[in-house]
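One structure below.
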Amino acid sequence: METAYSVRLAGLSDVDDIARLAKALAVFERRSENTATAADIAENLTSLAHGLVLEYKASHDESPEVVGYTHWTYNYDTVVGRYVNMNELYVDSNHRGRGGGSALMHYMAKICREKGFKGLRWLVYDWNDPAKKFYSKINAKNWYETENMVTMHVYEKDLMKLAERKPAIEQLGGNVSQLNDV
């Protein structure tokens with residue numbers, strides 16, 4: 001088996017897995033009382049948001065397991081123009097450090113580039129030093145900080161570099177152009 005990990009567009013069949021991972025993310029972020037239900041995720045994944053999932057397949061005979069995800073919405077800013085707002089990115093702790101997070105970021109940047117968006121923005125807790133270190137490796141910049149959050153971004157040149165990087169996980173199931181236009 002060439003690689004045990006793959007990235008693909010999320011669909012309704014992934015809702016329960018995304019809900020499971022979202023609960024793990026909420027516990028990690030110390031906000032476990034504020035998690036969306038599978039029904040909320042299903043409704044928004046088909047109408048407002050789009051997503052990618054990271055799958056792990058232990059052996060050729062096994063079904064893949066969803067071990068990470070990201071989801072995003074499209075947005076507009078009068079200064080930078082159209083950009084993608086990445087709402088969450090999470091990889092199960094047992095699967096970190098193997099290129100999955102980098103692959104999800106790469107495909108997010110690729111989606112931005114192919115859709116003609118100028119940037120990618122997201123929030124990270126100011127206490128989450130491992131995430132901030134991870135994002136600094138892709139040349140993400142702090143855009144602004146609030147009491148406990150940092151808004152980070154990659155724009156134009158850095159976004160293109162990220163989209164052109166060769167990820168450790170090269171498979172993308174589904175075609176990026178399948179996403180609905182804004």
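Within each chain, counting starts at residue 1; across the structure tokens, chains are named A, B, ... in the order shown, with ligands numbered 1 upward in that order.
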Wanna dump the segment 50-109 of chain A-segment 29-46 of chain A contacts at 10 Å for me, each residue with its shortest atom pair and the distance in Å to one decimal, counting only C-alpha atoms, ordered by chain and number, as JSON lines?
{"residue": "A:His50", "atom": "CA", "partner": "A:Leu45", "partner_atom": "CA", "distance": 5.6}
{"residue": "A:Gly51", "atom": "CA", "partner": "A:Leu45", "partner_atom": "CA", "distance": 7.1}
{"residue": "A:His71", "atom": "CA", "partner": "A:Leu45", "partner_atom": "CA", "distance": 8.2}
{"residue": "A:Trp72", "atom": "CA", "partner": "A:Leu45", "partner_atom": "CA", "distance": 9.2}
{"residue": "A:Thr73", "atom": "CA", "partner": "A:Leu45", "partner_atom": "CA", "distance": 9.7}
- Message: Among segment 26-99 of chain A, which residues does DSSP mark as alpha helix (DSSP H) when it is run on the backbone? Keep the chain and numbering as in the structure and answer as an MDAnalysis selection string.
- Response: chainID A and resid 26:28 38:47
For the residues selected in the previous step, produce a file with N, CA and C atoms as a compact mmCIF listing (two decimals), in the first residue's frame.
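Result file is out-v1.txt:
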# COMPACT_ATOMS: atom_id res chain seq x y z
N ALA A 26 -13.39 20.31 20.53
CA ALA A 26 -13.99 21.17 21.57
C ALA A 26 -13.42 20.86 22.94
N VAL A 27 -13.19 19.60 23.24
CA VAL A 27 -12.56 19.24 24.52
C VAL A 27 -11.16 19.81 24.58
N PHE A 28 -10.40 19.64 23.52
CA PHE A 28 -9.04 20.18 23.46
C PHE A 28 -9.04 21.70 23.65
N ALA A 38 -24.65 16.43 14.91
CA ALA A 38 -24.49 15.87 13.56
C ALA A 38 -25.51 16.51 12.61
N ALA A 39 -26.72 16.76 13.09
CA ALA A 39 -27.75 17.39 12.25
C ALA A 39 -27.34 18.80 11.83
N ASP A 40 -26.76 19.57 12.76
CA ASP A 40 -26.26 20.92 12.43
C ASP A 40 -25.18 20.84 11.37
N ILE A 41 -24.26 19.91 11.57
CA ILE A 41 -23.16 19.75 10.62
C ILE A 41 -23.71 19.37 9.25
N ALA A 42 -24.64 18.44 9.20
CA ALA A 42 -25.21 18.01 7.92
C ALA A 42 -25.89 19.17 7.20
N GLU A 43 -26.66 19.95 7.93
CA GLU A 43 -27.36 21.08 7.32
C GLU A 43 -26.38 22.10 6.76
N ASN A 44 -25.35 22.42 7.52
CA ASN A 44 -24.42 23.46 7.10
C ASN A 44 -23.40 22.97 6.07
N LEU A 45 -23.06 21.70 6.12
CA LEU A 45 -22.11 21.16 5.15
C LEU A 45 -22.70 21.17 3.74
N THR A 46 -24.01 21.16 3.64
CA THR A 46 -24.64 21.16 2.33
C THR A 46 -25.11 22.55 1.90
N SER A 47 -25.18 23.50 2.81
CA SER A 47 -25.72 24.80 2.42
C SER A 47 -24.73 25.95 2.59
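What separates atom CA of Ser63 of chain A from atom CA of Ser6 of chain A is a distance of 12.3 Å.
Computed from the coordinates, the atom CA of Tyr90 of chain A to atom CA of Asn142 of chain A distance equals 19.4 Å.
Between Val124 of chain A and the candidates A:Ala49, A:Met149, A:Ile111, A:Ile18, the tightest atom-to-atom separation, counting only C-alpha atoms, involves A:Met149.
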- Message: Using only C-alpha atoms, which protein or nucleic acid residues come within 10 Å of segment 104-106 of chain A? Drop anything in the same chain fewer than 4 positions from it, and give the result as a PyMOL selection string.
- Response: chain A and resi 6-8+51-54+68-71+86+89-91+99-100+110-112+120+135+138+159-170+172
- Hey, what's within 12 Å of Ser136 of chain A if we count only C-alpha atoms and toss same-chain stuff fewer than 5 positions away? As a list in words, please? Ser102, Asp129, Pro130, Ala131, Lys141, Asn142, Met152, His153, Val154, Asp158 and Leu162 of chain A
- Query: Quick one, how far is atom CA of Lys133 of chain A from atom CA of Arg113 of chain A?
  - Reply: 23.8 Å
- Pick out the closest residue to Thr146 of chain A from this set: A:Val15, A:Phe134, A:His60, A:Tyr125. Count only C-alpha atoms. A:Tyr125
- Query: Just asking: which residues within segment 82-130 of chain A are strand (DSSP E or B) according to DSSP, as number ranges by chain?
  - Reply: A: 82-91, 119-125
Please write the residues from the selection above to a file, keeping C-alpha atoms, as a PDB file, in the first residue's frame.
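So the final result, stored in selection32.pdb, reads:
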ATOM      1  CA  ARG A  82     -12.666  37.269  -1.733  1.00  0.00           C
ATOM      2  CA  TYR A  83     -11.067  34.905   0.762  1.00  0.00           C
ATOM      3  CA  VAL A  84     -11.751  31.621   2.487  1.00  0.00           C
ATOM      4  CA  ASN A  85     -12.482  31.560   6.205  1.00  0.00           C
ATOM      5  CA  MET A  86     -11.266  28.234   7.584  1.00  0.00           C
ATOM      6  CA  ASN A  87     -13.520  27.568  10.553  1.00  0.00           C
ATOM      7  CA  GLU A  88     -11.725  24.538  11.965  1.00  0.00           C
ATOM      8  CA  LEU A  89      -8.819  22.247  11.250  1.00  0.00           C
ATOM      9  CA  TYR A  90      -8.354  19.199  13.435  1.00  0.00           C
ATOM     10  CA  VAL A  91      -6.301  16.010  13.239  1.00  0.00           C
ATOM     11  CA  GLY A 119      -6.380  34.527   0.940  1.00  0.00           C
ATOM     12  CA  LEU A 120      -7.122  32.082   3.690  1.00  0.00           C
ATOM     13  CA  ARG A 121      -7.950  33.186   7.270  1.00  0.00           C
ATOM     14  CA  TRP A 122      -8.518  31.303  10.491  1.00  0.00           C
ATOM     15  CA  LEU A 123      -8.489  31.693  14.272  1.00  0.00           C
ATOM     16  CA  VAL A 124      -6.202  29.980  16.742  1.00  0.00           C
ATOM     17  CA  TYR A 125      -6.230  30.225  20.528  1.00  0.00           C
TER      18      TYR A 125
END
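Distances to Asp92 of chain A were evaluated for A:Val150, A:Ala58, A:Val79, A:Ala24 using only C-alpha atoms, and the minimum falls at A:Ala24.
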